[in-house]
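Just work-v1.cif here, mmCIF, C-alpha atoms:
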```
data_protein
#
loop_
_atom_site.label_atom_id
_atom_site.label_comp_id
_atom_site.auth_asym_id
_atom_site.auth_seq_id
_atom_site.Cartn_x
_atom_site.Cartn_y
_atom_site.Cartn_z
CA MET N 1 0.00 0.00 0.00
CA ALA N 2 1.33 3.44 -0.95
CA SER N 3 1.84 5.92 1.87
CA GLU N 4 0.66 9.52 1.81
CA LYS N 5 4.15 10.50 0.62
CA SER N 6 4.29 7.82 -2.10
CA SER N 7 2.25 7.23 -5.23
CA TYR N 8 2.34 5.05 -8.34
CA HIS N 9 1.82 6.24 -11.92
CA ASP N 10 2.56 4.50 -15.22
CA VAL N 11 4.71 7.49 -16.22
CA THR N 12 6.58 10.14 -14.24
CA ILE N 13 7.39 13.26 -16.28
CA ILE N 14 10.05 15.62 -14.97
CA GLY N 15 9.42 19.17 -16.14
CA ALA N 16 6.14 20.91 -16.93
CA GLY N 17 7.26 23.17 -19.73
CA TRP N 18 6.02 22.88 -23.30
CA SER N 19 7.43 19.37 -23.84
CA GLY N 20 6.46 18.02 -20.44
CA MET N 21 2.88 19.20 -20.91
CA ALA N 22 2.68 17.65 -24.38
CA ALA N 23 4.13 14.40 -23.01
CA CYS N 24 1.60 14.37 -20.18
CA LYS N 25 -1.29 14.90 -22.60
CA THR N 26 -0.04 12.13 -24.88
CA MET N 27 0.41 9.64 -22.03
CA LEU N 28 -3.12 10.35 -20.76
CA GLU N 29 -4.54 9.93 -24.28
CA ARG N 30 -2.83 6.53 -24.44
CA GLY N 31 -4.69 5.48 -21.29
CA LEU N 32 -1.67 5.68 -19.00
CA THR N 33 -1.61 7.33 -15.59
CA ALA N 34 0.88 10.18 -15.43
CA VAL N 35 2.29 12.75 -13.04
CA CYS N 36 4.22 15.78 -14.27
CA LEU N 37 6.67 17.21 -11.71
CA GLU N 38 7.64 20.87 -11.91
CA ALA N 39 10.24 22.43 -9.59
CA ARG N 40 8.93 25.96 -10.02
CA GLU N 41 5.76 27.60 -8.70
CA GLY N 42 3.96 27.19 -12.02
CA PHE N 43 4.17 25.39 -15.33
CA GLY N 44 5.38 26.80 -18.64
CA GLY N 45 9.12 26.22 -18.44
CA ALA N 46 11.22 29.05 -19.83
CA TRP N 47 8.03 30.93 -20.74
CA LEU N 48 7.19 31.43 -17.04
CA TYR N 49 8.98 34.72 -16.40
CA THR N 50 10.91 35.38 -13.19
CA ASP N 51 13.42 38.00 -12.05
CA ASP N 52 15.42 35.26 -10.30
CA PRO N 53 18.90 35.26 -11.93
CA ASN N 54 19.35 31.57 -11.05
CA VAL N 55 16.47 30.55 -13.33
CA THR N 56 16.67 30.89 -17.10
CA THR N 57 13.44 32.36 -18.47
CA VAL N 58 12.19 34.75 -21.09
CA MET N 59 12.59 38.48 -20.54
CA LYS N 60 9.57 40.66 -19.77
CA SER N 61 9.51 41.86 -23.38
CA THR N 62 10.11 38.50 -25.13
CA ARG N 63 8.07 37.60 -28.20
CA THR N 64 8.34 34.35 -30.11
CA THR N 65 10.76 34.25 -33.01
CA SER N 66 8.58 31.77 -34.84
CA SER N 67 5.06 32.46 -36.05
CA SER N 68 1.95 31.46 -34.14
CA THR N 69 1.17 28.74 -36.67
CA THR N 70 4.68 27.29 -36.33
CA THR N 71 4.71 27.57 -32.53
CA GLU N 72 1.25 26.20 -31.72
CA MET N 73 0.54 22.61 -30.72
CA SER N 74 -0.70 20.64 -33.74
CA ASP N 75 -4.01 19.79 -32.07
CA PHE N 76 -4.58 23.15 -30.36
CA PRO N 77 -4.36 26.19 -32.65
CA MET N 78 -3.40 29.54 -31.19
CA PRO N 79 -6.25 32.05 -31.29
CA LYS N 80 -6.00 34.53 -34.18
CA GLU N 81 -6.07 37.50 -31.78
CA ILE N 82 -2.76 36.33 -30.27
CA GLY N 83 -1.02 37.75 -33.33
CA GLU N 84 1.72 36.51 -35.61
CA PHE N 85 4.57 36.61 -33.06
CA PRO N 86 3.03 36.28 -29.58
CA HIS N 87 4.32 38.00 -26.45
CA ASN N 88 5.45 35.66 -23.65
CA GLN N 89 2.36 36.53 -21.57
CA ASP N 90 0.20 35.37 -24.49
CA ILE N 91 2.19 32.13 -24.65
CA MET N 92 1.48 31.56 -20.94
CA LYS N 93 -2.25 32.19 -21.51
CA TYR N 94 -2.12 29.72 -24.39
CA LEU N 95 -0.37 27.08 -22.24
CA HIS N 96 -2.95 27.57 -19.46
CA ALA N 97 -5.76 27.13 -22.01
CA TYR N 98 -4.00 23.99 -23.32
CA ALA N 99 -3.75 22.57 -19.79
CA ALA N 100 -7.44 23.32 -19.18
CA LYS N 101 -8.63 21.87 -22.51
CA PHE N 102 -6.81 18.57 -21.98
CA ASN N 103 -7.36 18.42 -18.18
CA LEU N 104 -3.65 18.42 -17.34
CA MET N 105 -3.82 20.43 -14.11
CA PRO N 106 -4.67 17.47 -11.83
CA HIS N 107 -1.53 15.73 -13.14
CA ILE N 108 0.92 18.65 -12.81
CA LYS N 109 2.59 18.99 -9.41
CA VAL N 110 4.27 22.39 -9.01
CA ASN N 111 6.86 23.13 -6.31
CA SER N 112 7.99 19.53 -6.77
CA GLU N 113 11.72 19.72 -7.39
CA VAL N 114 13.21 16.31 -8.14
CA LYS N 115 16.01 15.35 -5.78
CA THR N 116 16.80 11.83 -7.03
CA VAL N 117 15.77 9.35 -9.68
CA LYS N 118 16.86 5.75 -9.44
CA LYS N 119 15.96 2.50 -11.11
CA GLU N 120 14.99 -0.42 -8.89
CA GLY N 121 14.28 -3.53 -10.93
CA ASP N 122 11.88 -2.44 -13.66
CA MET N 123 10.56 0.57 -11.72
CA TRP N 124 11.71 4.19 -11.52
CA ILE N 125 11.72 5.77 -8.06
CA THR N 126 11.59 9.57 -8.16
CA THR N 127 11.99 11.49 -4.91
CA CYS N 128 11.23 15.19 -4.59
CA THR N 129 12.85 17.61 -2.15
CA THR N 130 9.47 17.67 -0.34
CA GLY N 131 9.91 13.97 0.50
CA GLN N 132 7.17 12.90 -1.91
CA VAL N 133 8.08 9.69 -3.75
CA TYR N 134 6.71 8.71 -7.17
CA THR N 135 7.10 5.18 -8.49
CA SER N 136 6.57 4.47 -12.17
CA LYS N 137 7.27 1.96 -14.90
CA HIS N 138 8.39 4.74 -17.29
CA ILE N 139 10.09 8.12 -16.95
CA ILE N 140 10.29 11.11 -19.27
CA VAL N 141 12.84 13.85 -18.62
CA ALA N 142 11.61 17.14 -20.09
CA THR N 143 13.68 19.64 -18.14
CA GLY N 144 14.73 21.58 -21.21
CA ALA N 145 18.11 22.64 -22.52
CA ASN N 146 17.88 26.03 -20.82
CA GLN N 147 17.02 24.98 -17.29
CA ARG N 148 20.10 26.56 -15.69
CA PRO N 149 22.36 29.37 -16.88
CA ASN N 150 25.65 28.12 -18.36
CA LEU N 151 28.27 29.90 -16.29
CA GLU N 152 31.07 27.48 -17.23
CA PRO N 153 32.85 29.94 -19.57
CA ARG N 154 33.43 32.30 -16.63
CA ASP N 155 35.69 29.70 -15.01
CA THR N 156 37.44 28.48 -18.16
CA ILE N 157 37.71 30.45 -21.39
CA LEU N 158 37.05 33.80 -19.68
CA LYS N 159 39.33 33.11 -16.73
CA GLY N 160 41.84 35.88 -17.53
CA PHE N 161 39.27 38.32 -18.94
CA THR N 162 39.10 41.53 -16.92
CA GLY N 163 36.12 43.18 -18.62
CA LYS N 164 32.50 43.02 -17.50
CA VAL N 165 30.59 39.81 -18.20
CA TYR N 166 26.82 40.04 -18.61
#
```
Once you've parsed the file, please lay out its structure as structure tokens.
Amino acid sequence: MASEKSSYHDVTIIGAGWSGMAACKTMLERGLTAVCLEAREGFGGAWLYTDDPNVTTVMKSTRTTSSSTTTEMSDFPMPKEIGEFPHNQDIMKYLHAYAAKFNLMPHIKVNSEVKTVKKEGDMWITTCTTGQVYTSKHIIVATGANQRPNLEPRDTILKGFTGKVY
């Protein structure tokens, strides 16, 4: 029997940005149970703006560099009034509408930073910093390429540089 701090799902998805949300929707459509774990206070990945310098996100003024029709999910068109190159706030409204349309919210767990993932037999055991444990047969990692700022050049190729680094 699973404890209050432990639950089983067919699939555990790490990251509730664009890809994590699409993965969650697809797993649910396939009849699988899924949980989507998001470390931050909301879903949306890099599109969820923050002033926190330790989190890589869009800027307040960011617009997409691809058109609405290229950016939209194939089964969920962006509304025409969003414009050709949507502002990041419009992208967040779109992602919230997507989550509502496909009933993803009950499956997305925000403030659920993953501490460890380990394989035990044919099961994945995912533990969050909250102590919550998720056990699943499958795991999808959708944390994104831009999850953390790449500060490595400051310590290597820029080591002797005396100018200002932004």
Give the answer as one residue: which of N:Trp47, N:Phe102, N:Phe76, N:Trp124 has the shortest atom-to-atom distance to Gln89 in chain N, using all atoms listed in the file?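 Going through N:Trp47, N:Phe102, N:Phe76, N:Trp124 one by one, the smallest distance to Gln89 in chain N is for N:Trp47.
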Please check which residues have atoms at most 6 Å from (14.9, 15.1, -3.6) in the file's coordinates, counting all atoms listed in the file, and write them as a ChimeraX atom specification. /N:114-116,127-129
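Counting only C-alpha atoms and comparing N:Tyr94, N:Tyr49, N:Phe85, N:Tyr134, the residue that lies closest to Tyr8 in chain N is N:Tyr134.
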Once the PyMOL selection byres ((chain N and resi 77-81) around 10) is applied to the coordinates I shared, what remains selected? I want it as a ChimeraX atom specification. /N:68-76,82-84,86,90-91,94-95,97-98
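CA of Val133 in chain N sits 12.8 Å away from CA of Cys36 in chain N.
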Around (3.6, 4.5, -13.5), as given in the file, which residues come within 9 Å? Count only C-alpha atoms and list them as a PyMOL selection string. chain N and resi 7-12+32-35+123-124+134-139
Rounded to one decimal in Å, what is the spacing between CA of Val58 in chain N and CA of His87 in chain N?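 So the answer is 10.1 Å.
A straight line drawn from CA of Ala99 in chain N to CA of Gly42 in chain N is 11.9 Å long.
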Which of N:Ala16, N:Leu104, N:Ala142, N:Leu48 sits closest to Glu29 in chain N [using all atoms listed in the file]: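 Closest residue, counting all atoms listed in the file: N:Leu104.
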Which one of N:Gln132, N:Asn103, N:Thr56, N:Thr126 sits closest to Leu28 in chain N if you count only C-alpha atoms?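 Selected residue with least distance to Leu28 in chain N: N:Asn103.
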I'd like the residues picked by the PyMOL selection byres ((chain N and resi 46) around 10) written out as a PyMOL selection string, using the chain letters and numbers from the file. chain N and resi 17-18+43-45+47-50+55-59+88+143-147
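Proximity ranking of N:Val117, N:Thr62, N:Ile140, N:Val110 relative to Met92 in chain N places N:Thr62 first, based on only C-alpha atoms.
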Could the centre and edge lengths of an axis-aligned box, enclosing all atoms of range 56-62 of chain N in the file with 4 Å extra on each side, be given in Å to one decimal as JSON?
```
{"center_x": 13.1, "center_y": 36.4, "center_z": -21.1, "size_x": 15.2, "size_y": 19.0, "size_z": 16.0}
```
